[in-house]
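Undergrad: This is the structure I have questions about; it appears just below.
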Amino acid sequence: MKYSEYSTVVIGSGAAGLYAALKIAQQINLPEGLLLITKSTLGESNSRYAQGGIVGVVHQNPADKVSLHVEDTLKAGAGLSKKETTEYISAVSDEVLNDLINNGVDFDRDENGNLTFTLEAAHSMKRILHSGGDATGKGITDALVRAVRNNNNIHVMENSMAVELLISSDKVCKGAIIYNEMTGEHEIVYTSALILATGGVGQVYKYTTNPNGATGDGIALAYEAGAVIQDMEFIQFHPTALALSPDSKNRFLISEAVRGEGAKLINKNGEEFMSRYSDKRELAPRDIVTRAIYSQMNIDHTPNVFLNASIIEQSKLLKRFPTISSRCKENGIDITQKPIPVAPAAHYTMGGIKAGVDGRTSIRGLYAIGETASTGLHGANRLASNSLLECVVCAYELADYLSFANLEIPKMIDSGIKKMIDVYSRTVKGKEYDYNALKTRLKDIMWNNVGIIRTEKSLQIAKKAVEILKKDFKRQRKCLNKGEYEYRNMLSVASLIIEGAIERKESRGAHCRSDYKQTDDVAKHSELCKIS
Ligand code: FAD
Ligand code: SIN
């Protein structure tokens, strides 16, 4: 098998992976260089589709304070956010966002050149920077892709997927097995710092705002390798995804910023209903708005409610939300005139690989940043636009940590690793699975039983059904193609979500159990680890 060695290997090219690669290459002398591996093309990721913006407690917005942002984050997190982590991330946001600007990210400004800030649900003030109106993710990833392509120390490997982590018998991560989709071959990369920036698990659900690549690969790989996985039961369902028909499954997001600018939720009769669910109405925390919409849909027996944005002044609406207005227009909806059909969809993974702000995990040599990691910032329910902030702050802190680390490539490959590698030189027996049909089956199970409201009965049904799917899928390690690997990983993260949800016998933030409605007095993180 082909093999290569790099001082650092970054897996994933969303905001977290791109920015980590850039900062490491800018700051550290890497004798063997840095390899950035990504499953699709460079920059294709959840990050690319981010709309509303990125939180920054920046000096350009003097009315804001770290303490206010921390308070909002902790409140939304329903008692589970880690205070010190939140304070740390908030405090360095000014330095990191201004570094992003220096690296070419253009945030929207007013006619005098001053940054403009917007409001989203559960924020006590306008503090969200945005780009291209409602195309913040594209603004950030385009700039970072340009900077990465221009940096000679970064080698890029596209259409390639990490499929297994190489862990030595003394439990150190030494590299990964990579499946190269273009050649159909498996390759080995050795490194002293392997960084997972592989994003979340939205594709495990039937309805999601996430693009196809969000199959939880990094979490599944880290779990198999023996890393500690935290809080997987906390899946955030965004309240307002465009719901054109029950067949539209990857759902286009209608940003929370539309509600931040004044749009109202209405039912099938055109009546506003949010005051029945929260005194903060449309700007209540995301989990509350999602459950309110879900209840309203059940009361009215409708597959969606509506978001009325036509009450926002027309020129402001079109200028602030060019992507949303043009996508709706393509589907026959003029948002200045007509309400938008919306329904909740799986959006964000609060749990993931347990990691510090500098990306360190429970395995030496393995780092996790961005949505694939769980630092404790988001607690049980993420505050809007805190995710992109966490991606870039953790990438920045990781680069800083690695600048003091020993990045020599491991020379001795032990017998444990040799055995792992051997599997990939053998031929896979059996014919290709219909992985699209299998993924659809799994997504239905998760949506119907492990969704917005859960019960012991629904979770046990899901557990049994996923166990059967796992038994029927005979591949354990080497698979035939990308689709099979993704399905294997989806089965693995589905089990982690179900297990966490069964164990958590309370309702907190995004985890809502109709059979355990109470919130426990003490908030505890859940942890799952294959190897104790
Ligand atoms: P991603 O951006 O998902 O990147 C993961 C990368 O890893 C991808 O390049 C993927 O191809 C690659 N990858 C995955 N598995 C493998 C593998 N096995 N091998 C190789 N490569 C792999 N958050 C905000 O803060 N503000 C917003 O306005 C906002 N809007 C959003 C709108 C939408 C539609 C969505 C879906 C999310 C939004 N979020 C927002 C959430 C936020 O965008 C994500 O949480 C964040 O971008 C995650 O970044 P990441 O770099 O961790 O992962
Ligand atoms: C949105 O624009 O509503 C998404 C913001 C987020 O997920 O933080």
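By order in the structure tokens, chains are A, B, ...; within a chain, residues start at 1; ligands start at 1, following the order shown.
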Check every protein, DNA and RNA residue against ligand 2, keep those with an atom at most 8 Å away (counting only C-alpha atoms and all ligand atoms), and present them as a VMD selection string.
TA: chain A and resid 50 to 54 120 134 238 240 253 to 258 347 to 348 382 to 388
Undergrad: Can I get the residues close to ligand 1 as number ranges by chain, where close means within 7 Å and we count only C-alpha atoms and all ligand atoms?
TA: A: 11-17, 37-40, 42-54, 136-137, 160-163, 197-200, 209-211, 213-218, 252-253, 347-348, 369-372, 384-389, 391
Undergrad: List the neighbours of region 359-363 of chain A out to 9 Å using only C-alpha atoms; skip same-chain residues closer than 3 positions along the sequence, and give me the result as a list in words.
TA: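 That gives Ile167, Lys171, Val172, Cys173, Ile195, Leu196, Ala222, Ala225, Gly226, Ala227, Val228, Ile353, Lys354, Ala355, Gly356, Leu366, Tyr367, Ala368, Ile369, Gly370, Ala373, Thr375, Cys394, Ala395, Glu397, Leu398 and Tyr401 of chain A.
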Undergrad: Next, dump the selected residues to file, keeping only N, CA, C and O atoms, as a short mmCIF file (atom, residue, chain, number, x, y, z; two decimals), in the first residue's frame.
TA:
```cif
data_model
loop_
_atom_site.label_atom_id
_atom_site.label_comp_id
_atom_site.auth_asym_id
_atom_site.auth_seq_id
_atom_site.Cartn_x
_atom_site.Cartn_y
_atom_site.Cartn_z
N ILE A 167 -3.91 3.46 15.72
CA ILE A 167 -3.59 3.67 17.14
C ILE A 167 -2.59 2.59 17.57
O ILE A 167 -2.84 1.39 17.37
N LYS A 171 -1.52 3.30 22.79
CA LYS A 171 -2.68 4.21 22.67
C LYS A 171 -2.30 5.62 22.21
O LYS A 171 -2.77 6.63 22.75
N VAL A 172 -1.44 5.67 21.21
CA VAL A 172 -1.11 6.97 20.60
C VAL A 172 -1.58 6.94 19.15
O VAL A 172 -1.40 5.93 18.46
N CYS A 173 -2.19 8.02 18.68
CA CYS A 173 -2.63 8.07 17.29
C CYS A 173 -1.41 8.36 16.41
O CYS A 173 -0.69 9.33 16.62
N ILE A 195 -5.58 15.73 13.04
CA ILE A 195 -6.66 16.65 13.46
C ILE A 195 -7.95 16.30 12.74
O ILE A 195 -8.03 16.35 11.51
N LEU A 196 -8.97 15.91 13.52
CA LEU A 196 -10.27 15.63 12.93
C LEU A 196 -11.09 16.92 12.93
O LEU A 196 -11.35 17.51 13.99
N ALA A 222 -13.27 8.05 15.74
CA ALA A 222 -12.67 8.29 17.06
C ALA A 222 -13.23 7.30 18.08
O ALA A 222 -12.51 6.79 18.94
N ALA A 225 -11.67 4.05 17.71
CA ALA A 225 -10.27 4.10 18.14
C ALA A 225 -10.14 4.17 19.66
O ALA A 225 -9.03 4.12 20.19
N GLY A 226 -11.28 4.34 20.36
CA GLY A 226 -11.24 4.34 21.82
C GLY A 226 -11.29 5.72 22.46
O GLY A 226 -11.05 5.86 23.66
N ALA A 227 -11.63 6.75 21.67
CA ALA A 227 -11.73 8.10 22.26
C ALA A 227 -13.03 8.25 23.04
O ALA A 227 -14.01 7.55 22.78
N VAL A 228 -13.04 9.19 23.97
CA VAL A 228 -14.25 9.46 24.74
C VAL A 228 -15.17 10.36 23.90
O VAL A 228 -14.75 11.38 23.37
N ILE A 353 -16.66 14.33 19.86
CA ILE A 353 -15.43 13.83 20.48
C ILE A 353 -15.05 14.79 21.60
O ILE A 353 -14.88 16.00 21.35
N LYS A 354 -14.94 14.28 22.79
CA LYS A 354 -14.63 15.15 23.94
C LYS A 354 -13.25 15.78 23.71
O LYS A 354 -12.26 15.07 23.49
N ALA A 355 -13.22 17.11 23.74
CA ALA A 355 -11.95 17.80 23.43
C ALA A 355 -11.86 19.11 24.20
O ALA A 355 -12.88 19.70 24.57
N GLY A 356 -10.65 19.56 24.40
CA GLY A 356 -10.43 20.86 25.01
C GLY A 356 -10.52 21.95 23.95
O GLY A 356 -10.65 21.65 22.76
N LEU A 366 -4.15 12.71 18.80
CA LEU A 366 -5.43 12.90 18.10
C LEU A 366 -6.10 14.17 18.62
O LEU A 366 -6.27 14.34 19.83
N TYR A 367 -6.48 15.04 17.68
CA TYR A 367 -7.11 16.32 18.02
C TYR A 367 -8.45 16.39 17.31
O TYR A 367 -8.63 15.82 16.23
N ALA A 368 -9.41 17.10 17.92
CA ALA A 368 -10.73 17.26 17.28
C ALA A 368 -11.17 18.70 17.47
O ALA A 368 -11.08 19.26 18.58
N ILE A 369 -11.62 19.32 16.37
CA ILE A 369 -12.08 20.71 16.44
C ILE A 369 -13.35 20.89 15.60
O ILE A 369 -13.61 20.12 14.68
N GLY A 370 -14.11 21.93 15.92
CA GLY A 370 -15.32 22.23 15.15
C GLY A 370 -16.48 21.35 15.60
O GLY A 370 -16.51 20.84 16.73
N ALA A 373 -16.20 17.97 17.42
CA ALA A 373 -15.72 17.97 18.80
C ALA A 373 -16.83 18.39 19.75
O ALA A 373 -17.81 19.01 19.34
N THR A 375 -16.69 20.53 23.12
CA THR A 375 -15.86 21.23 24.11
C THR A 375 -16.68 21.59 25.35
O THR A 375 -16.13 22.03 26.35
N CYS A 394 -11.11 27.35 18.18
CA CYS A 394 -10.41 26.10 18.52
C CYS A 394 -9.28 25.83 17.52
O CYS A 394 -8.22 25.33 17.90
N ALA A 395 -9.49 26.17 16.25
CA ALA A 395 -8.41 26.01 15.26
C ALA A 395 -7.22 26.89 15.64
O ALA A 395 -6.05 26.46 15.59
N GLU A 397 -6.45 28.09 18.64
CA GLU A 397 -5.82 27.62 19.89
C GLU A 397 -4.99 26.35 19.63
O GLU A 397 -3.94 26.15 20.23
N LEU A 398 -5.48 25.50 18.73
CA LEU A 398 -4.75 24.27 18.41
C LEU A 398 -3.41 24.60 17.74
O LEU A 398 -2.37 24.01 18.08
N TYR A 401 -1.13 25.59 20.40
CA TYR A 401 -0.67 24.44 21.20
C TYR A 401 0.40 23.67 20.42
O TYR A 401 1.45 23.32 20.98
#
```
Undergrad: In terms of the shortest atom-to-atom distance over only C-alpha atoms, which of A:Leu194, A:Leu318, A:Met274, A:Val522 is closest to Leu34 (chain A)?
TA: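 Ranked by minimum distance to Leu34 (chain A), first place goes to A:Leu194.
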Undergrad: Which is closer to Leu528 (chain A) than all the others in A:Leu407, A:Leu18, A:Ala25, A:Ala220, using only C-alpha atoms?
TA: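 Result for the nearest residue to Leu528 (chain A): A:Ala220.
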